[in-house]
Amino acid sequence: MIDVADLTKTYGNIRAVNKVTLTIGKGEVFGLLGPNGAGKTTIIKILTALARPDSGRCRIAGLEMDRCPAMIKRMIGVMPQDNNLDRELTAGENLRIYGMLHGLDDLAARMDKTLAAVGLPDRRGSLVSHFSGGMQRRLLLGRALLTEPDVLFLDEPSIGLDPQIRRQMWDLIRKARIDGRTVVITTHYIEEAENLCDRVGILAKGTLIALDSPSGLKAQVGEYVVEYVNEEGRLVQHMCPGRTEAHALAGRMEGTVTIRRSNLEDVFVKLTGERLE
Amino acid sequence: MTRLFEWYPIYLREMLLFRRKLFKLGYLFSAMVVPIIYLVAFGLGLGKSVQTGHGNYLDFLIPGLVAMSSMSNSYTWVANALNLNRLYFKTFQLFVQAPISPFSIMIGEVCAGVTKGLFASVLIIFVGFTISPRFTITPLFIMVLLLNCFLFACLGIVTGMITTSHEDTSTYANFFILPMAFFSGTFFPVDKIPPVIRWIIDVMPLTHTNILMRKTCLDGEGAVSLAVLLVYAVVFFMYGSHTIRRYSE
């Protein structure tokens with residue numbers, strides 16, 4: 001569904017995206033994981049026609065981004081990281097303007113369906129400025145779904161949300177997947193990537209350093225982690241391929257030792273030597 | 001929606017936001033306060049000592065105030081809104097990501113700017129009718145008013161698109177809009193100004209709007225001014241469209 005090859009984008013002397021190549025299949029939920037400034041949002045901007053790459057190729061459903069931008073824009077829905085709802089307009093007015101921009105005919109029915117889907121069925125006439133942060137994020141997702149897009153781009157969809165609302169957001173994303181949409185998510189939340197994504201690409205300083213399923217990535221670096229605090233007070237971690245190896249290693253150590261399953265943050269730390277922030 | 005009306009959602013959005021602002025009392029006051037201060041200070045104060053060749057100074061001043069008001073409102077509303085929508089509220093990105101042409105974005109924003117400029121101008125025209133019985137509106141006046149709003153809305157797009165911070169918008173206004181407001185024949189005739197400065201004044205589009213708005217019909221001088229305004233309108237429109245087409249974050 002999405003085919004990216006050697007994508008590069010530079011801002012001044014900073015290379016935000018460095019020769020990224022990846023393919024995302026139809027109906028897949030794909031995660032771009034990385035710390036702030038890793039290049040996740042820049043890739044989304046390029047894939048949604050908001051930024052032009054310096055070099056590289058970008059195709060969606062076989063269409064070249066630089067040749068058929070309008071056709072691609074009809075196929076995609078975007079939930080940006082920044083809340084770009086018009087706060088002085090109502091939820092209904094926001095959806096109406098968006099629907100008109102995308103040339104939708106059956107707007108009234110779609111708006112009702114969308115507002116119901118994101119749990120805001122009776123807030124069509126309410127000003128967005130009166131919404132809580134969680135309601136605004138849900139409306140942003142609803143707006144992206146209004147056109148029933150083939151591809152949904154979600155840039156940090158649950159940023160700033162409390163755990164309960166975050167899980168509601170995840171349910172909505174899972175529903176989009178059940179409906180057959182291809183979903184591309186950027187996130188720096190480990191739990192989000194592990195819970196939602198079929199495959200994850202790990203970005204560091206604009207470069208794609210790993211690409212696999214969450215379990216595949218963990219298997220690459222070790223499925224278990226042995227942790228202990230050394231004499232200097234630093235947390236030391238050792239990756240182990242299996243439970244047996246982890247227990248054997250822990251048995252040779254003194255003091256308090258913890259054994260746990262690895263997560264994508266451990267993968268990131270192992271690959272880059274840095275922590276996700 | 002056909003391609004012909006792709007611009008309409010952009011215009012509608014601006015008008016919905018504008019309507020909300022209109023209901024706030026401060027807006028109407030702020031749209032009128034500056035021209036009315038000028039009207040009182042110049043028209044009823046200093047104006048008594050100004051020789052215009054147009055008879056009553058108010059008859060000279062009111063068309064100038066309408067021109068100035070249409071310029072500043074069309075320009076400021078578009079430049080500020082576009083700049084804020086692009087850099088801070090990020091709502092401009094919605095237009096870029098929508099399957100509509102950059103030309104439609106331009107048309108929608110310009111139409112919104114023209115409407116806002118006309119609204120402010122109509123307020124001044126009402127005041128003009130109230131205080132000056134000889135003030136009249138001709139078809140030429142209406143056409144030039146529309147052209148002036150269009151031209152400065154296009155300039156507002158250019159400024160809103162090329163500035164990299166909201167403060168820059170004010171800087172551009174201070175360098176171009178404010179001097180034009182004072183030195184383009186709004187408050188006093190420009191024919192006695194020294195030739196070097198006069199040359200600069202003659203280049204300013206508002207000078208030609210002022211010339212045309214004080215005419216009852218189009219003569220030779222008016223035709224030249226109309227041509228100048230049309231050239232400015234085309235250049236600003238083309239450049240504004242270009243900045244939108246080339247937009248990339």
# chains A, B, ... in the order shown; residues from 1 in each chain; ligands from 1

call {"tool": "residues_around", "arguments": {"residues": "region 194-209 of chain A", "least_positions_apart": "3", "cutoff": "8 Å", "atoms": "only C-alpha atoms", "output": "PyMOL selection string"}}
result
chain A and resi 15-21+28-35+37-40+170+173-174+190-191+212-214+264+268+271-272

call {"tool": "closest_atom_pairs", "arguments": {"of": "chain A", "to": "chain B", "cutoff": "10 Å", "atoms": "only C-alpha atoms", "output": "JSON lines"}}
result
{"residue": "A:Tyr11", "atom": "CA", "partner": "B:Glu249", "partner_atom": "CA", "distance": 9.3}
{"residue": "A:Thr42", "atom": "CA", "partner": "B:Glu249", "partner_atom": "CA", "distance": 8.5}
{"residue": "A:Lys45", "atom": "CA", "partner": "B:Glu249", "partner_atom": "CA", "distance": 7.7}
{"residue": "A:Ile46", "atom": "CA", "partner": "B:Glu249", "partner_atom": "CA", "distance": 8.8}
{"residue": "A:Thr48", "atom": "CA", "partner": "B:Gln97", "partner_atom": "CA", "distance": 6.4}
{"residue": "A:Ala49", "atom": "CA", "partner": "B:Gln97", "partner_atom": "CA", "distance": 6.2}
{"residue": "A:Leu50", "atom": "CA", "partner": "B:Ser248", "partner_atom": "CA", "distance": 5.8}
{"residue": "A:Ala51", "atom": "CA", "partner": "B:Ser248", "partner_atom": "CA", "distance": 4.4}
{"residue": "A:Arg52", "atom": "CA", "partner": "B:Ser248", "partner_atom": "CA", "distance": 5.8}
{"residue": "A:Pro53", "atom": "CA", "partner": "B:Ser248", "partner_atom": "CA", "distance": 9.1}
{"residue": "A:Pro69", "atom": "CA", "partner": "B:Pro99", "partner_atom": "CA", "distance": 7.6}
{"residue": "A:Ala70", "atom": "CA", "partner": "B:Pro99", "partner_atom": "CA", "distance": 4.5}
{"residue": "A:Met71", "atom": "CA", "partner": "B:Pro99", "partner_atom": "CA", "distance": 7.1}
{"residue": "A:Ile72", "atom": "CA", "partner": "B:Pro99", "partner_atom": "CA", "distance": 8.1}
{"residue": "A:Lys73", "atom": "CA", "partner": "B:Pro99", "partner_atom": "CA", "distance": 5.3}
{"residue": "A:Arg74", "atom": "CA", "partner": "B:Pro99", "partner_atom": "CA", "distance": 6.0}
{"residue": "A:Met75", "atom": "CA", "partner": "B:Pro99", "partner_atom": "CA", "distance": 9.5}
{"residue": "A:Ile76", "atom": "CA", "partner": "B:Gln97", "partner_atom": "CA", "distance": 9.0}
{"residue": "A:Gly77", "atom": "CA", "partner": "B:Gln97", "partner_atom": "CA", "distance": 9.0}
{"residue": "A:Val78", "atom": "CA", "partner": "B:Gln97", "partner_atom": "CA", "distance": 8.3}
{"residue": "A:Pro80", "atom": "CA", "partner": "B:Lys90", "partner_atom": "CA", "distance": 9.3}
{"residue": "A:Asp82", "atom": "CA", "partner": "B:Lys90", "partner_atom": "CA", "distance": 7.3}
{"residue": "A:Asn83", "atom": "CA", "partner": "B:Phe89", "partner_atom": "CA", "distance": 7.6}
{"residue": "A:Asn84", "atom": "CA", "partner": "B:Thr91", "partner_atom": "CA", "distance": 5.1}
{"residue": "A:Leu85", "atom": "CA", "partner": "B:Thr91", "partner_atom": "CA", "distance": 6.8}
{"residue": "A:Asp86", "atom": "CA", "partner": "B:Thr91", "partner_atom": "CA", "distance": 7.2}
{"residue": "A:Arg87", "atom": "CA", "partner": "B:Phe89", "partner_atom": "CA", "distance": 9.4}
{"residue": "A:Glu88", "atom": "CA", "partner": "B:Leu17", "partner_atom": "CA", "distance": 6.7}
{"residue": "A:Leu89", "atom": "CA", "partner": "B:Leu17", "partner_atom": "CA", "distance": 6.9}
{"residue": "A:Thr90", "atom": "CA", "partner": "B:Leu16", "partner_atom": "CA", "distance": 9.9}
{"residue": "A:Glu93", "atom": "CA", "partner": "B:Arg13", "partner_atom": "CA", "distance": 8.2}
{"residue": "A:Asn94", "atom": "CA", "partner": "B:Arg13", "partner_atom": "CA", "distance": 8.5}
{"residue": "A:Arg96", "atom": "CA", "partner": "B:Pro9", "partner_atom": "CA", "distance": 8.6}
{"residue": "A:Ile97", "atom": "CA", "partner": "B:Pro9", "partner_atom": "CA", "distance": 5.5}
{"residue": "A:Tyr98", "atom": "CA", "partner": "B:Leu94", "partner_atom": "CA", "distance": 7.7}
{"residue": "A:Gly99", "atom": "CA", "partner": "B:Pro9", "partner_atom": "CA", "distance": 8.9}
{"residue": "A:Met100", "atom": "CA", "partner": "B:Pro9", "partner_atom": "CA", "distance": 5.9}
{"residue": "A:Leu101", "atom": "CA", "partner": "B:Pro9", "partner_atom": "CA", "distance": 5.9}
{"residue": "A:His102", "atom": "CA", "partner": "B:Ala98", "partner_atom": "CA", "distance": 5.9}
{"residue": "A:Gly103", "atom": "CA", "partner": "B:Met1", "partner_atom": "CA", "distance": 5.2}
{"residue": "A:Leu104", "atom": "CA", "partner": "B:Met1", "partner_atom": "CA", "distance": 7.5}
{"residue": "A:Asp105", "atom": "CA", "partner": "B:Met1", "partner_atom": "CA", "distance": 7.5}

call {"tool": "write_last_selection", "arguments": {"atoms": "C-alpha atoms", "output": "mmCIF file, in the first residue's frame"}}
result
data_model
loop_
_atom_site.group_PDB
_atom_site.id
_atom_site.type_symbol
_atom_site.label_atom_id
_atom_site.label_comp_id
_atom_site.auth_asym_id
_atom_site.auth_seq_id
_atom_site.Cartn_x
_atom_site.Cartn_y
_atom_site.Cartn_z
ATOM 1 C CA TYR A 11 16.345 21.211 7.276
ATOM 2 C CA THR A 42 8.730 14.524 8.973
ATOM 3 C CA LYS A 45 4.442 15.101 6.540
ATOM 4 C CA ILE A 46 6.075 13.806 3.365
ATOM 5 C CA THR A 48 0.662 13.349 3.486
ATOM 6 C CA ALA A 49 1.914 15.938 0.960
ATOM 7 C CA LEU A 50 2.744 18.547 3.578
ATOM 8 C CA ALA A 51 6.490 18.440 2.957
ATOM 9 C CA ARG A 52 8.561 17.714 -0.118
ATOM 10 C CA PRO A 53 11.491 15.347 0.230
ATOM 11 C CA PRO A 69 -0.979 14.363 -5.051
ATOM 12 C CA ALA A 70 -4.726 15.052 -5.380
ATOM 13 C CA MET A 71 -5.579 11.365 -5.945
ATOM 14 C CA ILE A 72 -3.459 10.364 -2.971
ATOM 15 C CA LYS A 73 -5.042 13.055 -0.774
ATOM 16 C CA ARG A 74 -8.471 11.555 -1.529
ATOM 17 C CA MET A 75 -7.274 8.216 -0.136
ATOM 18 C CA ILE A 76 -5.730 9.372 3.117
ATOM 19 C CA GLY A 77 -6.884 10.663 6.478
ATOM 20 C CA VAL A 78 -4.516 12.519 8.771
ATOM 21 C CA PRO A 80 -1.790 15.504 13.179
ATOM 22 C CA ASP A 82 -0.712 19.354 16.801
ATOM 23 C CA ASN A 83 -4.354 19.968 17.482
ATOM 24 C CA ASN A 84 -5.431 21.913 14.382
ATOM 25 C CA LEU A 85 -9.152 21.971 15.038
ATOM 26 C CA ASP A 86 -10.757 25.388 14.836
ATOM 27 C CA ARG A 87 -11.500 26.003 18.489
ATOM 28 C CA GLU A 88 -13.901 28.857 17.772
ATOM 29 C CA LEU A 89 -16.043 26.589 15.589
ATOM 30 C CA THR A 90 -18.329 23.764 16.690
ATOM 31 C CA GLU A 93 -18.615 22.967 11.681
ATOM 32 C CA ASN A 94 -15.095 21.510 11.871
ATOM 33 C CA ARG A 96 -18.383 20.057 7.720
ATOM 34 C CA ILE A 97 -15.492 22.207 6.486
ATOM 35 C CA TYR A 98 -13.214 19.158 6.341
ATOM 36 C CA GLY A 99 -15.836 17.118 4.492
ATOM 37 C CA MET A 100 -16.422 19.911 1.985
ATOM 38 C CA LEU A 101 -12.687 20.261 1.388
ATOM 39 C CA HIS A 102 -12.666 16.565 0.507
ATOM 40 C CA GLY A 103 -15.740 16.884 -1.705
ATOM 41 C CA LEU A 104 -18.057 14.643 0.355
ATOM 42 C CA ASP A 105 -21.717 14.651 -0.664
#

call {"tool": "select_by_dssp", "arguments": {"residues": "region 74-118 of chain A", "states": "helix (DSSP H, G or I)", "output": "VMD selection string"}}
result
chain A and resid 74 to 75 91 to 101 107 to 117

call {"tool": "residues_around", "arguments": {"residues": "Gly62 (chain A)", "least_positions_apart": "5", "cutoff": "10 Å", "atoms": "only C-alpha atoms", "output": "VMD selection string"}}
result
chain A and resid 1 to 3 72

call {"tool": "select_by_dssp", "arguments": {"residues": "region 21-269 of chain A", "states": "strand (DSSP E)", "output": "number ranges by chain"}}
result
A: 21-24, 29-33, 55-60, 63-64, 76-79, 151-155, 182-187, 199-204, 207-212, 224-229, 235-240, 257-261

call {"tool": "write_last_selection", "arguments": {"atoms": "C-alpha atoms", "output": "PDB file, in the first residue's frame"}}
result
ATOM      1  CA  THR A  21      13.217   2.755   2.768  1.00  0.00           C
ATOM      2  CA  LEU A  22      10.149   0.784   3.843  1.00  0.00           C
ATOM      3  CA  THR A  23       7.037  -0.918   2.532  1.00  0.00           C
ATOM      4  CA  ILE A  24       3.716  -1.058   4.360  1.00  0.00           C
ATOM      5  CA  VAL A  29      -0.947  -1.241  11.353  1.00  0.00           C
ATOM      6  CA  PHE A  30       2.577   0.106  11.089  1.00  0.00           C
ATOM      7  CA  GLY A  31       4.350   2.014  13.829  1.00  0.00           C
ATOM      8  CA  LEU A  32       7.203   4.478  13.571  1.00  0.00           C
ATOM      9  CA  LEU A  33       8.890   4.479  16.948  1.00  0.00           C
ATOM     10  CA  SER A  55      15.252  13.000  -2.691  1.00  0.00           C
ATOM     11  CA  GLY A  56      13.711   9.571  -2.715  1.00  0.00           C
ATOM     12  CA  ARG A  57      10.476   8.030  -3.910  1.00  0.00           C
ATOM     13  CA  CYS A  58       7.123   7.853  -2.215  1.00  0.00           C
ATOM     14  CA  ARG A  59       4.138   5.842  -3.508  1.00  0.00           C
ATOM     15  CA  ILE A  60       0.720   5.179  -2.037  1.00  0.00           C
ATOM     16  CA  LEU A  63       0.563   6.376  -7.170  1.00  0.00           C
ATOM     17  CA  GLU A  64       3.614   8.630  -7.106  1.00  0.00           C
ATOM     18  CA  ILE A  76      -5.730   9.372   3.117  1.00  0.00           C
ATOM     19  CA  GLY A  77      -6.884  10.663   6.478  1.00  0.00           C
ATOM     20  CA  VAL A  78      -4.516  12.519   8.771  1.00  0.00           C
ATOM     21  CA  MET A  79      -4.597  13.035  12.505  1.00  0.00           C
ATOM     22  CA  VAL A 151      -4.824   4.932   4.690  1.00  0.00           C
ATOM     23  CA  LEU A 152      -4.918   6.570   8.094  1.00  0.00           C
ATOM     24  CA  PHE A 153      -1.907   8.541   9.332  1.00  0.00           C
ATOM     25  CA  LEU A 154      -1.871   9.099  13.088  1.00  0.00           C
ATOM     26  CA  ASP A 155       0.917  11.308  14.386  1.00  0.00           C
ATOM     27  CA  THR A 182      -3.969   0.710   6.557  1.00  0.00           C
ATOM     28  CA  VAL A 183      -2.818   2.615   9.632  1.00  0.00           C
ATOM     29  CA  VAL A 184       0.513   4.380  10.091  1.00  0.00           C
ATOM     30  CA  ILE A 185       1.192   5.524  13.648  1.00  0.00           C
ATOM     31  CA  THR A 186       4.082   7.540  14.991  1.00  0.00           C
ATOM     32  CA  THR A 187       4.637   7.213  18.685  1.00  0.00           C
ATOM     33  CA  ARG A 199       5.261  -4.102  12.516  1.00  0.00           C
ATOM     34  CA  VAL A 200       7.416  -1.353  13.927  1.00  0.00           C
ATOM     35  CA  GLY A 201      10.158   0.718  12.352  1.00  0.00           C
ATOM     36  CA  ILE A 202      12.614   2.184  14.836  1.00  0.00           C
ATOM     37  CA  LEU A 203      13.995   5.583  13.908  1.00  0.00           C
ATOM     38  CA  ALA A 204      17.020   7.281  15.388  1.00  0.00           C
ATOM     39  CA  THR A 207      17.660   6.748  10.068  1.00  0.00           C
ATOM     40  CA  LEU A 208      15.569   3.587  10.122  1.00  0.00           C
ATOM     41  CA  ILE A 209      17.683   1.296  12.297  1.00  0.00           C
ATOM     42  CA  ALA A 210      15.337  -1.677  12.665  1.00  0.00           C
ATOM     43  CA  LEU A 211      12.126  -2.950  11.111  1.00  0.00           C
ATOM     44  CA  ASP A 212      10.164  -5.997  12.206  1.00  0.00           C
ATOM     45  CA  TYR A 224      14.496 -11.383  28.632  1.00  0.00           C
ATOM     46  CA  VAL A 225      16.255  -8.651  30.570  1.00  0.00           C
ATOM     47  CA  VAL A 226      18.282  -9.135  33.750  1.00  0.00           C
ATOM     48  CA  GLU A 227      18.528  -5.915  35.734  1.00  0.00           C
ATOM     49  CA  TYR A 228      20.482  -4.966  38.833  1.00  0.00           C
ATOM     50  CA  VAL A 229      21.859  -1.848  40.455  1.00  0.00           C
ATOM     51  CA  LEU A 235      20.879   0.362  36.652  1.00  0.00           C
ATOM     52  CA  VAL A 236      22.668  -2.290  34.608  1.00  0.00           C
ATOM     53  CA  GLN A 237      20.765  -4.368  32.063  1.00  0.00           C
ATOM     54  CA  HIS A 238      21.728  -7.564  30.269  1.00  0.00           C
ATOM     55  CA  MET A 239      19.650  -8.924  27.390  1.00  0.00           C
ATOM     56  CA  CYS A 240      19.227 -12.704  27.342  1.00  0.00           C
ATOM     57  CA  VAL A 257      18.322  -8.866  40.616  1.00  0.00           C
ATOM     58  CA  THR A 258      15.193  -8.537  38.486  1.00  0.00           C
ATOM     59  CA  ILE A 259      14.266 -10.699  35.516  1.00  0.00           C
ATOM     60  CA  ARG A 260      11.580  -9.429  33.145  1.00  0.00           C
ATOM     61  CA  ARG A 261      10.470  -9.739  29.532  1.00  0.00           C
TER      62      ARG A 261
END

call {"tool": "residues_around", "arguments": {"residues": "Met135 (chain A)", "least_positions_apart": "3", "cutoff": "10 Å", "atoms": "only C-alpha atoms", "output": "ChimeraX atom specification"}}
result
/A:118-120,123,128,130-132,138-141,161,165
